[in-house]
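structure-v6.txt (compact mmCIF, C-alpha atoms)
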```txt
# COMPACT_ATOMS: atom_id res chain seq x y z
CA MET A 1 83.93 97.09 116.36
CA PRO A 2 80.21 98.07 116.43
CA LEU A 3 77.68 95.30 115.72
CA SER A 4 76.42 97.04 112.57
CA THR A 5 79.97 97.14 111.19
CA ARG A 6 80.49 93.45 111.89
CA VAL A 7 77.19 92.59 110.20
CA ARG A 8 78.16 94.56 107.09
CA SER A 9 81.55 92.83 107.03
CA VAL A 10 79.98 89.36 107.19
CA TYR A 11 77.48 90.26 104.45
CA ARG A 12 80.25 91.57 102.19
CA GLN A 13 82.26 88.39 102.63
CA PHE A 14 79.22 86.28 101.77
CA ARG A 15 78.43 88.39 98.72
CA ALA A 16 82.05 88.33 97.53
CA ARG A 17 82.15 84.53 97.67
CA ARG A 18 78.81 84.12 95.92
CA TYR A 19 79.64 86.49 93.07
CA ALA A 20 83.38 85.86 92.83
CA TYR A 21 84.97 86.70 89.48
CA LYS A 22 88.36 87.59 88.05
CA ARG A 23 88.71 91.35 87.75
CA GLN A 24 90.27 93.07 84.78
CA VAL A 25 92.45 95.21 87.05
CA GLU A 26 93.52 94.84 90.67
CA ILE A 27 95.46 97.16 92.95
CA ARG A 28 97.59 95.42 95.55
CA ILE A 29 98.64 97.18 98.73
CA ARG A 30 101.42 95.73 100.85
CA ARG A 31 100.66 96.02 104.56
CA GLU A 32 104.30 95.41 105.48
CA CYS A 33 105.43 98.36 103.33
CA LEU A 34 102.92 100.78 104.86
CA LEU A 35 104.02 99.86 108.39
CA HIS A 36 107.70 99.98 107.42
CA ASN A 37 107.32 103.49 105.99
CA LEU A 38 105.38 104.66 109.03
CA LYS A 39 108.13 103.43 111.35
CA ALA A 40 110.79 105.07 109.17
CA PHE A 41 109.17 108.48 109.62
CA GLN A 42 108.45 107.88 113.30
CA SER A 43 112.18 107.35 113.79
CA LEU A 44 113.12 110.32 111.61
CA CYS A 45 110.69 112.74 113.26
CA ALA A 46 111.04 111.65 116.91
CA PRO A 47 110.11 113.03 119.37
CA GLN A 48 107.33 114.28 117.09
CA ALA A 49 104.57 111.76 116.47
CA VAL A 50 103.41 110.94 112.94
CA ALA A 51 99.89 111.50 111.64
CA PRO A 52 99.18 109.56 108.41
CA VAL A 53 97.46 111.53 105.64
CA LEU A 54 94.65 109.56 103.99
CA LYS A 55 93.16 112.22 101.72
CA SER A 56 92.25 111.49 98.09
CA ASN A 57 91.44 107.85 98.77
CA ALA A 58 94.72 107.49 100.68
CA TYR A 59 96.68 108.76 97.68
CA GLY A 60 94.93 106.20 95.51
CA HIS A 61 95.78 103.29 97.80
CA GLY A 62 92.27 102.92 99.25
CA LEU A 63 90.91 104.97 102.15
CA ILE A 64 89.33 102.10 104.06
CA GLN A 65 92.08 99.58 103.33
CA VAL A 66 94.90 101.85 104.51
CA ALA A 67 92.95 103.03 107.55
CA ARG A 68 92.39 99.43 108.63
CA VAL A 69 96.11 98.71 108.40
CA LEU A 70 97.03 101.79 110.45
CA ASP A 71 94.19 101.78 112.96
CA ALA A 72 96.21 99.78 115.46
CA ALA A 73 99.41 101.81 114.96
CA GLN A 74 98.59 104.22 117.81
CA CYS A 75 98.95 107.37 115.73
CA PRO A 76 97.73 110.59 117.37
CA PHE A 77 95.24 111.06 114.53
CA MET A 78 94.72 110.39 110.84
CA VAL A 79 94.24 113.22 108.37
CA VAL A 80 91.44 113.23 105.78
CA ASP A 81 90.33 115.99 103.46
CA GLY A 82 86.55 115.91 103.63
CA TYR A 83 83.66 115.21 105.96
CA HIS A 84 82.55 112.31 103.78
CA GLU A 85 85.89 110.56 104.33
CA ALA A 86 85.52 110.88 108.09
CA LEU A 87 81.99 109.51 107.84
CA ILE A 88 83.14 106.54 105.77
CA LEU A 89 85.88 105.64 108.24
CA ARG A 90 83.60 105.86 111.25
CA ASN A 91 81.00 103.73 109.45
CA GLU A 92 83.74 101.15 108.85
CA GLY A 93 84.61 101.02 112.54
CA ILE A 94 87.91 102.91 112.39
CA GLN A 95 88.68 104.11 115.93
CA THR A 96 91.71 106.41 115.51
CA PRO A 97 90.93 110.14 115.98
CA LEU A 98 90.49 112.01 112.69
CA VAL A 99 91.27 115.54 111.59
CA VAL A 100 89.43 116.87 108.53
CA MET A 101 92.03 119.18 106.98
CA GLY A 102 90.09 120.34 103.93
CA TYR A 103 87.48 123.08 103.97
CA THR A 104 84.24 121.88 105.57
CA VAL A 105 80.91 123.65 105.23
CA THR A 106 80.09 125.35 108.52
CA ASP A 107 76.72 123.59 108.90
CA ASN A 108 78.41 120.21 108.53
CA ILE A 109 80.75 121.05 111.41
CA LEU A 110 77.94 122.38 113.59
CA HIS A 111 75.70 119.36 112.99
CA SER A 112 78.37 116.66 113.06
CA ARG A 113 77.81 113.83 115.51
CA LEU A 114 80.98 111.97 114.59
CA ARG A 115 83.02 111.04 117.63
CA ARG A 116 86.68 112.03 117.97
CA VAL A 117 86.67 114.03 114.74
CA ALA A 118 88.18 117.53 114.63
CA PHE A 119 87.81 120.05 111.81
CA MET A 120 90.41 122.42 110.44
CA VAL A 121 89.22 126.03 110.55
CA GLY A 122 91.20 128.45 108.41
CA SER A 123 89.30 131.71 108.38
CA LEU A 124 88.21 134.20 111.00
CA THR A 125 84.82 134.42 109.33
CA GLN A 126 84.13 130.72 109.74
CA LEU A 127 85.52 130.68 113.25
CA ASP A 128 83.14 133.49 114.18
CA ALA A 129 80.20 131.57 112.68
CA LEU A 130 81.14 128.43 114.62
CA ALA A 131 81.52 130.34 117.87
CA ALA A 132 78.08 131.85 117.38
CA GLY A 133 76.34 128.68 116.23
CA ALA A 134 77.86 125.82 118.20
CA GLU A 135 75.40 124.21 120.62
CA ARG A 136 77.49 121.18 121.49
CA PRO A 137 81.24 120.54 121.93
CA CYS A 138 83.02 121.19 118.63
CA ARG A 139 86.68 120.24 118.29
CA ILE A 140 88.77 122.26 115.84
CA HIS A 141 92.35 122.63 114.63
CA LEU A 142 93.13 126.26 113.91
CA LYS A 143 95.08 126.76 110.68
CA VAL A 144 97.40 129.74 110.40
CA ASN A 145 98.80 131.00 107.10
CA THR A 146 102.60 131.12 107.25
CA GLY A 147 103.27 131.45 103.53
CA LEU A 148 101.29 129.00 101.41
CA GLY A 149 98.52 131.55 100.97
CA ARG A 150 95.80 129.01 100.30
CA HIS A 151 93.80 129.26 103.50
CA GLY A 152 94.48 129.93 107.15
CA ILE A 153 93.96 132.88 109.45
CA GLU A 154 96.64 135.53 109.25
CA PRO A 155 99.13 135.78 112.15
CA THR A 156 97.69 139.23 112.90
CA GLU A 157 94.31 137.54 113.52
CA LEU A 158 95.67 134.97 115.95
CA ASN A 159 94.90 136.75 119.22
CA GLN A 160 91.38 137.59 118.07
CA SER A 161 90.85 133.98 117.05
CA LEU A 162 92.06 132.62 120.37
CA ALA A 163 89.79 135.06 122.19
CA LEU A 164 86.78 133.85 120.16
CA ILE A 165 87.57 130.26 121.06
CA ALA A 166 88.04 131.09 124.73
CA GLN A 167 84.77 133.02 124.90
CA SER A 168 82.80 130.26 123.20
CA GLY A 169 81.27 127.68 125.47
CA HIS A 170 81.59 124.89 122.92
CA LEU A 171 84.66 125.38 120.69
CA MET A 172 87.53 123.13 121.75
CA LEU A 173 91.00 123.88 120.36
CA GLY A 174 92.36 120.40 119.74
CA GLY A 175 95.27 121.58 117.63
CA ALA A 176 96.91 124.26 115.53
CA CYS A 177 98.64 123.84 112.19
CA SER A 178 100.08 125.37 109.06
CA HIS A 179 101.35 124.03 105.74
CA LEU A 180 104.76 124.22 104.09
CA ALA A 181 104.71 125.71 100.59
CA ASP A 182 108.13 124.88 99.14
CA ALA A 183 109.70 122.09 101.19
CA ILE A 184 110.60 120.02 98.10
CA ASN A 185 112.91 122.80 96.90
CA GLU A 186 116.62 122.21 97.51
CA ASP A 187 116.82 125.85 98.55
CA ASP A 188 115.49 125.88 102.12
CA SER A 189 115.35 129.66 102.52
CA PHE A 190 111.58 130.07 102.15
CA THR A 191 110.85 126.97 104.22
CA CYS A 192 113.05 128.24 107.03
CA LYS A 193 111.19 131.57 106.96
CA GLN A 194 107.93 129.66 107.27
CA ILE A 195 109.28 127.66 110.19
CA ASP A 196 110.36 130.84 111.95
CA ARG A 197 106.89 132.33 111.49
CA TRP A 198 105.32 129.12 112.70
CA ASN A 199 107.52 128.93 115.78
CA GLU A 200 106.39 132.40 116.82
CA ILE A 201 102.77 131.32 116.42
CA ALA A 202 103.35 128.04 118.25
CA SER A 203 104.87 129.90 121.20
CA ILE A 204 101.57 131.76 121.60
CA ILE A 205 99.34 128.71 121.13
CA SER A 206 101.46 126.27 123.14
CA GLY A 207 99.53 125.16 126.21
CA LYS A 208 96.20 126.05 124.58
CA ALA A 209 96.18 123.21 122.03
CA ARG A 210 97.18 119.57 122.39
CA TYR A 211 98.63 119.14 118.91
CA LEU A 212 100.91 121.46 116.94
CA HIS A 213 101.67 120.26 113.41
CA LEU A 214 103.47 121.79 110.44
CA SER A 215 105.68 119.31 108.59
CA ASN A 216 104.83 117.33 105.49
CA THR A 217 106.93 114.51 104.01
CA ALA A 218 109.54 116.81 102.46
CA GLY A 219 109.74 119.02 105.54
CA THR A 220 110.65 116.20 107.91
CA ARG A 221 114.35 116.80 107.34
CA LEU A 222 113.87 120.09 109.19
CA SER A 223 111.51 118.80 111.87
CA ALA A 224 114.05 119.43 114.63
CA ARG A 225 113.75 123.18 113.92
CA MET A 226 109.98 123.18 114.30
CA ARG A 227 108.04 123.84 117.46
CA ALA A 228 105.62 120.97 116.91
CA ASN A 229 104.70 117.59 118.33
CA VAL A 230 103.18 116.00 115.20
CA ALA A 231 104.29 115.66 111.56
CA ARG A 232 101.75 114.96 108.82
CA ILE A 233 103.10 112.33 106.41
CA GLY A 234 101.38 111.87 103.06
CA LEU A 235 103.25 110.56 100.02
CA GLY A 236 106.15 109.25 102.11
CA LEU A 237 103.81 106.93 103.98
CA TYR A 238 103.13 105.15 100.69
CA GLY A 239 106.82 104.69 99.96
CA ILE A 240 107.68 107.64 97.72
CA ASP A 241 109.87 110.43 99.05
CA THR A 242 109.40 113.97 97.79
CA ARG A 243 113.07 114.70 98.45
CA SER A 244 115.59 113.27 96.00
CA ASP A 245 118.59 114.18 98.16
CA ARG A 246 118.11 111.64 100.93
CA ALA A 247 117.82 107.87 101.25
CA LEU A 248 115.17 106.68 103.69
CA ALA A 249 114.85 103.15 102.28
CA LEU A 250 111.12 103.63 101.79
CA ARG A 251 109.13 100.84 100.19
CA PRO A 252 106.39 101.66 97.64
CA ALA A 253 103.24 99.94 98.87
CA LEU A 254 101.19 99.88 95.67
CA SER A 255 101.24 97.87 92.48
CA VAL A 256 98.60 97.53 89.78
CA HIS A 257 97.96 94.33 87.83
CA SER A 258 95.92 93.27 84.83
CA HIS A 259 96.31 90.46 82.28
CA VAL A 260 96.81 89.82 78.61
CA GLY A 261 93.52 89.86 76.77
CA ILE A 262 94.04 89.29 73.08
CA ARG A 263 97.44 88.56 71.52
CA ARG A 264 98.03 89.03 67.82
CA ALA A 265 100.80 89.15 65.22
CA ILE A 266 101.25 92.47 63.40
CA ALA A 267 103.14 92.72 60.12
CA LYS A 268 105.75 95.36 59.42
CA GLY A 269 104.20 98.62 58.27
CA VAL A 270 100.78 98.08 59.85
CA GLU A 271 99.38 101.06 61.75
CA VAL A 272 97.81 100.52 65.16
CA GLY A 273 95.40 102.43 67.39
CA TYR A 274 93.32 105.60 67.32
CA GLY A 275 94.87 108.30 65.19
CA LEU A 276 97.26 105.72 63.68
CA THR A 277 100.08 107.12 65.82
CA TRP A 278 102.20 103.95 65.72
CA THR A 279 103.44 101.89 62.81
CA ALA A 280 105.06 98.49 63.28
CA PRO A 281 108.77 98.84 62.44
CA ASP A 282 109.06 95.05 61.97
CA ASP A 283 106.88 91.99 62.32
CA VAL A 284 105.86 92.13 65.99
CA LYS A 285 103.58 90.48 68.52
CA LEU A 286 101.17 92.76 70.32
CA ALA A 287 98.88 92.17 73.27
CA MET A 288 95.75 94.04 74.28
CA VAL A 289 95.59 94.69 78.04
CA PRO A 290 92.02 95.44 79.18
CA THR A 291 92.67 98.68 81.03
CA GLY A 292 93.22 102.26 79.97
CA TYR A 293 92.91 105.87 81.01
CA ASN A 294 89.51 105.33 82.61
CA SER A 295 91.11 103.35 85.42
CA CYS A 296 94.86 103.56 85.81
CA VAL A 297 96.86 104.22 82.62
CA ASP A 298 97.74 107.85 81.99
CA VAL A 299 97.06 108.79 78.37
CA ARG A 300 100.42 110.59 78.28
CA LEU A 301 102.06 107.15 78.30
CA SER A 302 100.89 106.61 74.72
CA ASN A 303 103.90 105.45 72.66
CA ARG A 304 106.16 106.23 75.66
CA GLY A 305 105.39 104.09 78.67
CA ALA A 306 105.61 100.36 79.29
CA PHE A 307 104.06 97.53 81.27
CA THR A 308 106.03 94.51 82.45
CA ILE A 309 105.45 90.78 82.15
CA ASP A 310 107.71 88.55 84.26
CA GLY A 311 109.99 91.55 84.64
CA VAL A 312 110.27 92.06 80.87
CA SER A 313 109.54 95.60 79.68
CA CYS A 314 106.75 95.66 77.10
CA PRO A 315 106.43 99.12 75.45
CA ILE A 316 103.03 100.73 75.06
CA VAL A 317 102.28 101.16 71.37
CA GLY A 318 99.71 103.49 69.94
CA ARG A 319 97.34 105.69 71.87
CA VAL A 320 96.16 104.55 75.29
CA CYS A 321 92.41 103.95 75.01
CA MET A 322 89.67 104.42 77.58
CA ASN A 323 89.54 100.73 78.49
CA ALA A 324 92.40 99.12 76.58
CA THR A 325 96.13 99.50 76.01
CA MET A 326 98.27 97.79 73.40
CA ILE A 327 101.78 96.62 74.29
CA ASP A 328 104.61 95.04 72.32
CA VAL A 329 105.22 91.56 73.77
CA SER A 330 107.75 90.44 71.18
CA GLN A 331 110.38 90.04 73.93
CA ALA A 332 107.99 88.37 76.41
CA PRO A 333 107.70 84.75 75.25
CA TYR A 334 105.20 83.74 77.93
CA ALA A 335 102.73 86.54 77.26
CA ALA A 336 99.80 84.30 76.46
CA PRO A 337 96.16 85.30 77.03
CA GLU A 338 95.33 85.57 80.77
CA LYS A 339 99.01 86.05 81.65
CA GLU A 340 99.42 88.59 84.44
CA VAL A 341 100.63 92.04 83.41
CA THR A 342 102.12 94.54 85.87
CA VAL A 343 100.68 97.90 84.90
CA ILE A 344 102.33 99.79 87.77
CA SER A 345 105.25 98.22 89.61
CA SER A 346 106.14 98.56 93.29
CA GLU A 347 109.82 98.32 92.37
CA PRO A 348 111.21 101.89 92.66
CA ASP A 349 113.56 101.57 89.67
CA ALA A 350 111.15 99.78 87.34
CA VAL A 351 110.23 101.38 84.03
CA ASN A 352 106.60 101.42 85.22
CA SER A 353 107.09 102.52 88.83
CA ILE A 354 105.04 105.48 90.03
CA SER A 355 108.15 107.68 90.00
CA SER A 356 109.09 106.61 86.46
CA ILE A 357 105.54 107.19 85.20
CA ALA A 358 105.46 110.65 86.81
CA ARG A 359 108.72 111.59 85.07
CA LEU A 360 107.45 110.40 81.69
CA CYS A 361 104.23 112.37 82.16
CA ASN A 362 106.06 115.46 83.44
CA THR A 363 103.98 115.55 86.59
CA SER A 364 104.21 114.45 90.22
CA ALA A 365 103.62 111.09 91.86
CA HIS A 366 100.71 112.71 93.72
CA VAL A 367 98.86 113.26 90.44
CA ILE A 368 99.41 109.75 89.10
CA LEU A 369 98.26 108.11 92.35
CA ALA A 370 95.25 110.38 92.93
CA ARG A 371 93.93 109.55 89.47
CA LEU A 372 93.74 105.80 90.09
CA SER A 373 90.07 104.99 89.77
CA PRO A 374 88.27 104.56 93.12
CA GLY A 375 86.28 101.81 91.41
CA LEU A 376 89.28 99.51 91.13
CA ARG A 377 89.52 96.71 93.65
CA ARG A 378 92.15 97.27 96.36
CA VAL A 379 93.55 94.16 98.02
CA VAL A 380 95.82 94.33 101.08
CA ILE A 381 98.43 91.59 100.97
```

Would it be possible to restate this file's structure as structure tokens?
Amino acid sequence: MPLSTRVRSVYRQFRARRYAYKRQVEIRIRRECLLHNLKAFQSLCAPQAVAPVLKSNAYGHGLIQVARVLDAAQCPFMVVDGYHEALILRNEGIQTPLVVMGYTVTDNILHSRLRRVAFMVGSLTQLDALAAGAERPCRIHLKVNTGLGRHGIEPTELNQSLALIAQSGHLMLGGACSHLADAINEDDSFTCKQIDRWNEIASIISGKARYLHLSNTAGTRLSARMRANVARIGLGLYGIDTRSDRALALRPALSVHSHVGIRRAIAKGVEVGYGLTWTAPDDVKLAMVPTGYNSCVDVRLSNRGAFTIDGVSCPIVGRVCMNATMIDVSQAPYAAPEKEVTVISSEPDAVNSISSIARLCNTSAHVILARLSPGLRRVVI
């Protein structure tokens, strides 16, 4: 670890001790679960290696925290979305090679001095600009469109692209990749077509690039059909499978915790919250939890979701507020002020697990996790 990184670490520890306080909300990340999930996919995908995907603040789990856990796992590379994420990880002393898979401004690629960082290039126009402008070694992963249609050179542009790279004195083809569009669908027909297209492309690129990668979490069940040596694992790394038709014994790594703020008795017939959307059906006991949609509670959980206290389900009542949520604690006898509340549970079948919340909100686990505020404290346990 560089000296500057060690100095920053010591200063942060000193500052944390001096200004220690109890936070309103804390996200806990289980190291053991992350490593367990990584090994599960390494076994499933073998002989392909596994590249962890850390985009969007590591799916809400904490970019730096997750990278530190995985830095010693000997992965071929970690995937981030933007240049800023690569810069953060290098500043924090992370040593694993990185691939920036999102679009990166051409000037940022040309002027980058980050070591062991490669950039995805997905258009012939940008590739041409890089070939013309590069004045130092520039490592890239060439992305080819096989059906997602978001970005990537077309297969008909492949030979021209490879010729540009070969003619350039500085472009280094570290890898080639594509992205599956419909791997979560039980009908594999489109995914198999994509794999066939990819395999044709890989046969041309093989020997010219070190890494060939196509699969995401859902696509790993078909990894044996792919001509690739790396699989990119995103949501599955964090313990949530995108396929409901298999059992990988994954372990969700994240839970979110707050505490009871104010507890009060509410008489039958009293309306509660903005818009008066909830009326007490009986005399009940409510608790205010000091967190809301600004940090980690989706507003769509209003009058639908629940938190838990000592494993007891406590329904959310009324509209979720920006910084507060009311819950019914009538069945939780120990819900006194300062009592810990589990806002999001790491138990897969819990009423407030990520998967359960996603179903209630009619969205995906990706969306719920990505919206967890970056300002919340992440603690690896």

Work out how far apart CA of Ala58 (chain A) and CA of Tyr211 (chain A) are and give it in Å to one decimal. 22.0 Å

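Across A:Cys75, A:Ala218, A:Ala176, A:Ala49, the tightest approach to Ser206 (chain A) is made by A:Ala176 when counting only C-alpha atoms.
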
Hey, which of A:His257, A:Asp282, A:His366, A:Met172 ends up closest to Lys22 (chain A)? Count all atoms listed in the file. A:His257

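What separates CA of Gln331 (chain A) from CA of Asp310 (chain A) is a distance of 10.8 Å.
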
Counting only C-alpha atoms, closest pick from A:Arg90, A:Arg136, A:Arg300, A:Arg18 relative to Leu114 (chain A) is A:Arg90

Within 12 Å of Lys39 (chain A), counting only C-alpha atoms, which residues qualify if same-chain residues fewer than 2 places away don't, as a ChimeraX atom specification? /A:32-37,41-46,49-52,70,73-75,233,236-239,248-251

Nearest candidate to Ile266 (chain A) (options A:Val317, A:Ile109, A:Leu142, A:Val10; using all atoms listed in the file): A:Val317

Please report, as JSON lines, each residue of region 199-258 of chain A lying at most 10 Å from region 150-170 of chain A, together with the nearest pair of atoms and the separation in Å rounded to one decimal; use all atoms listed in the file, and order rows by chain and ascending residue number.
```
{"residue": "A:Glu200", "atom": "CA", "partner": "A:Pro155", "partner_atom": "CA", "distance": 9.3}
{"residue": "A:Ile201", "atom": "CA", "partner": "A:Pro155", "partner_atom": "CA", "distance": 7.2}
{"residue": "A:Ile204", "atom": "CA", "partner": "A:Asn159", "partner_atom": "CA", "distance": 8.7}
{"residue": "A:Ile205", "atom": "CA", "partner": "A:Leu162", "partner_atom": "CA", "distance": 8.3}
{"residue": "A:Lys208", "atom": "CA", "partner": "A:Leu162", "partner_atom": "CA", "distance": 8.8}
```

Name all residues at most 9 Å from Ile240 (chain A) (count only C-alpha atoms; drop same-chain ones fewer than 5 positions away) and give them as a PyMOL selection string. chain A and resi 235+250-253+348+354-355+365

From the list A:Ala370, A:Ala335, A:Ala131, A:Met288, the nearest residue to Ala358 (chain A) using all atoms listed in the file is A:Ala370

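Nearest to Asn323 (chain A) of all the residues A:Pro97, A:Gly275, A:Leu372, A:Gln24 is A:Gln24, counting all atoms listed in the file.
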
Block slice region 293-313 of chain A, N, CA, C and O atoms, emitted as a PDB file, in the first residue's frame:
```pdb
ATOM      1  N   TYR A 293     -37.037   8.045   2.470  1.00  0.00           N
ATOM      2  CA  TYR A 293     -36.679   7.832   1.075  1.00  0.00           C
ATOM      3  C   TYR A 293     -35.418   8.577   0.649  1.00  0.00           C
ATOM      4  O   TYR A 293     -34.856   8.312  -0.403  1.00  0.00           O
ATOM      5  N   ASN A 294     -34.930   9.494   1.475  1.00  0.00           N
ATOM      6  CA  ASN A 294     -33.673  10.158   1.159  1.00  0.00           C
ATOM      7  C   ASN A 294     -32.477   9.224   1.281  1.00  0.00           C
ATOM      8  O   ASN A 294     -31.440   9.458   0.655  1.00  0.00           O
ATOM      9  N   SER A 295     -32.624   8.163   2.061  1.00  0.00           N
ATOM     10  CA  SER A 295     -31.458   7.307   2.314  1.00  0.00           C
ATOM     11  C   SER A 295     -31.644   5.862   1.884  1.00  0.00           C
ATOM     12  O   SER A 295     -30.801   5.317   1.166  1.00  0.00           O
ATOM     13  N   CYS A 296     -32.740   5.224   2.280  1.00  0.00           N
ATOM     14  CA  CYS A 296     -32.806   3.786   2.013  1.00  0.00           C
ATOM     15  C   CYS A 296     -34.204   3.182   1.988  1.00  0.00           C
ATOM     16  O   CYS A 296     -34.328   1.972   1.777  1.00  0.00           O
ATOM     17  N   VAL A 297     -35.246   3.961   2.190  1.00  0.00           N
ATOM     18  CA  VAL A 297     -36.604   3.409   2.243  1.00  0.00           C
ATOM     19  C   VAL A 297     -37.378   3.869   1.009  1.00  0.00           C
ATOM     20  O   VAL A 297     -37.658   5.058   0.847  1.00  0.00           O
ATOM     21  N   ASP A 298     -37.703   2.949   0.143  1.00  0.00           N
ATOM     22  CA  ASP A 298     -38.422   3.304  -1.079  1.00  0.00           C
ATOM     23  C   ASP A 298     -39.814   3.816  -0.730  1.00  0.00           C
ATOM     24  O   ASP A 298     -40.533   3.218   0.070  1.00  0.00           O
ATOM     25  N   VAL A 299     -40.200   4.940  -1.326  1.00  0.00           N
ATOM     26  CA  VAL A 299     -41.483   5.546  -1.015  1.00  0.00           C
ATOM     27  C   VAL A 299     -42.643   4.630  -1.394  1.00  0.00           C
ATOM     28  O   VAL A 299     -43.752   4.734  -0.837  1.00  0.00           O
ATOM     29  N   ARG A 300     -42.404   3.697  -2.315  1.00  0.00           N
ATOM     30  CA  ARG A 300     -43.466   2.768  -2.717  1.00  0.00           C
ATOM     31  C   ARG A 300     -43.804   1.758  -1.622  1.00  0.00           C
ATOM     32  O   ARG A 300     -44.766   0.994  -1.749  1.00  0.00           O
ATOM     33  N   LEU A 301     -43.021   1.759  -0.547  1.00  0.00           N
ATOM     34  CA  LEU A 301     -43.329   0.895   0.597  1.00  0.00           C
ATOM     35  C   LEU A 301     -44.347   1.530   1.534  1.00  0.00           C
ATOM     36  O   LEU A 301     -44.752   0.899   2.526  1.00  0.00           O
ATOM     37  N   SER A 302     -44.778   2.728   1.255  1.00  0.00           N
ATOM     38  CA  SER A 302     -45.788   3.395   2.079  1.00  0.00           C
ATOM     39  C   SER A 302     -47.026   2.518   2.215  1.00  0.00           C
ATOM     40  O   SER A 302     -47.592   2.057   1.224  1.00  0.00           O
ATOM     41  N   ASN A 303     -47.427   2.237   3.453  1.00  0.00           N
ATOM     42  CA  ASN A 303     -48.607   1.420   3.755  1.00  0.00           C
ATOM     43  C   ASN A 303     -48.529   0.002   3.187  1.00  0.00           C
ATOM     44  O   ASN A 303     -49.548  -0.689   3.102  1.00  0.00           O
ATOM     45  N   ARG A 304     -47.325  -0.448   2.802  1.00  0.00           N
ATOM     46  CA  ARG A 304     -47.185  -1.784   2.207  1.00  0.00           C
ATOM     47  C   ARG A 304     -46.032  -2.576   2.801  1.00  0.00           C
ATOM     48  O   ARG A 304     -46.142  -3.774   3.006  1.00  0.00           O
ATOM     49  N   GLY A 305     -44.915  -1.915   3.008  1.00  0.00           N
ATOM     50  CA  GLY A 305     -43.722  -2.610   3.457  1.00  0.00           C
ATOM     51  C   GLY A 305     -43.686  -2.810   4.958  1.00  0.00           C
ATOM     52  O   GLY A 305     -44.669  -2.568   5.671  1.00  0.00           O
ATOM     53  N   ALA A 306     -42.538  -3.261   5.451  1.00  0.00           N
ATOM     54  CA  ALA A 306     -42.373  -3.500   6.883  1.00  0.00           C
ATOM     55  C   ALA A 306     -40.897  -3.456   7.234  1.00  0.00           C
ATOM     56  O   ALA A 306     -40.033  -3.743   6.402  1.00  0.00           O
ATOM     57  N   PHE A 307     -40.605  -3.080   8.468  1.00  0.00           N
ATOM     58  CA  PHE A 307     -39.290  -3.265   9.072  1.00  0.00           C
ATOM     59  C   PHE A 307     -39.427  -4.414  10.063  1.00  0.00           C
ATOM     60  O   PHE A 307     -40.534  -4.921  10.303  1.00  0.00           O
ATOM     61  N   THR A 308     -38.322  -4.842  10.635  1.00  0.00           N
ATOM     62  CA  THR A 308     -38.395  -5.884  11.670  1.00  0.00           C
ATOM     63  C   THR A 308     -37.640  -5.441  12.911  1.00  0.00           C
ATOM     64  O   THR A 308     -36.621  -4.736  12.832  1.00  0.00           O
ATOM     65  N   ILE A 309     -38.146  -5.885  14.047  1.00  0.00           N
ATOM     66  CA  ILE A 309     -37.500  -5.666  15.341  1.00  0.00           C
ATOM     67  C   ILE A 309     -37.460  -7.010  16.051  1.00  0.00           C
ATOM     68  O   ILE A 309     -38.503  -7.625  16.288  1.00  0.00           O
ATOM     69  N   ASP A 310     -36.274  -7.501  16.321  1.00  0.00           N
ATOM     70  CA  ASP A 310     -36.113  -8.837  16.926  1.00  0.00           C
ATOM     71  C   ASP A 310     -36.849  -9.898  16.116  1.00  0.00           C
ATOM     72  O   ASP A 310     -37.432 -10.842  16.668  1.00  0.00           O
ATOM     73  N   GLY A 311     -36.862  -9.741  14.814  1.00  0.00           N
ATOM     74  CA  GLY A 311     -37.510 -10.706  13.939  1.00  0.00           C
ATOM     75  C   GLY A 311     -39.001 -10.517  13.794  1.00  0.00           C
ATOM     76  O   GLY A 311     -39.643 -11.226  13.007  1.00  0.00           O
ATOM     77  N   VAL A 312     -39.588  -9.572  14.524  1.00  0.00           N
ATOM     78  CA  VAL A 312     -41.024  -9.313  14.462  1.00  0.00           C
ATOM     79  C   VAL A 312     -41.303  -8.313  13.345  1.00  0.00           C
ATOM     80  O   VAL A 312     -40.683  -7.243  13.277  1.00  0.00           O
ATOM     81  N   SER A 313     -42.238  -8.632  12.473  1.00  0.00           N
ATOM     82  CA  SER A 313     -42.593  -7.745  11.377  1.00  0.00           C
ATOM     83  C   SER A 313     -43.413  -6.570  11.900  1.00  0.00           C
ATOM     84  O   SER A 313     -44.426  -6.745  12.580  1.00  0.00           O
TER      85      SER A 313
END
```
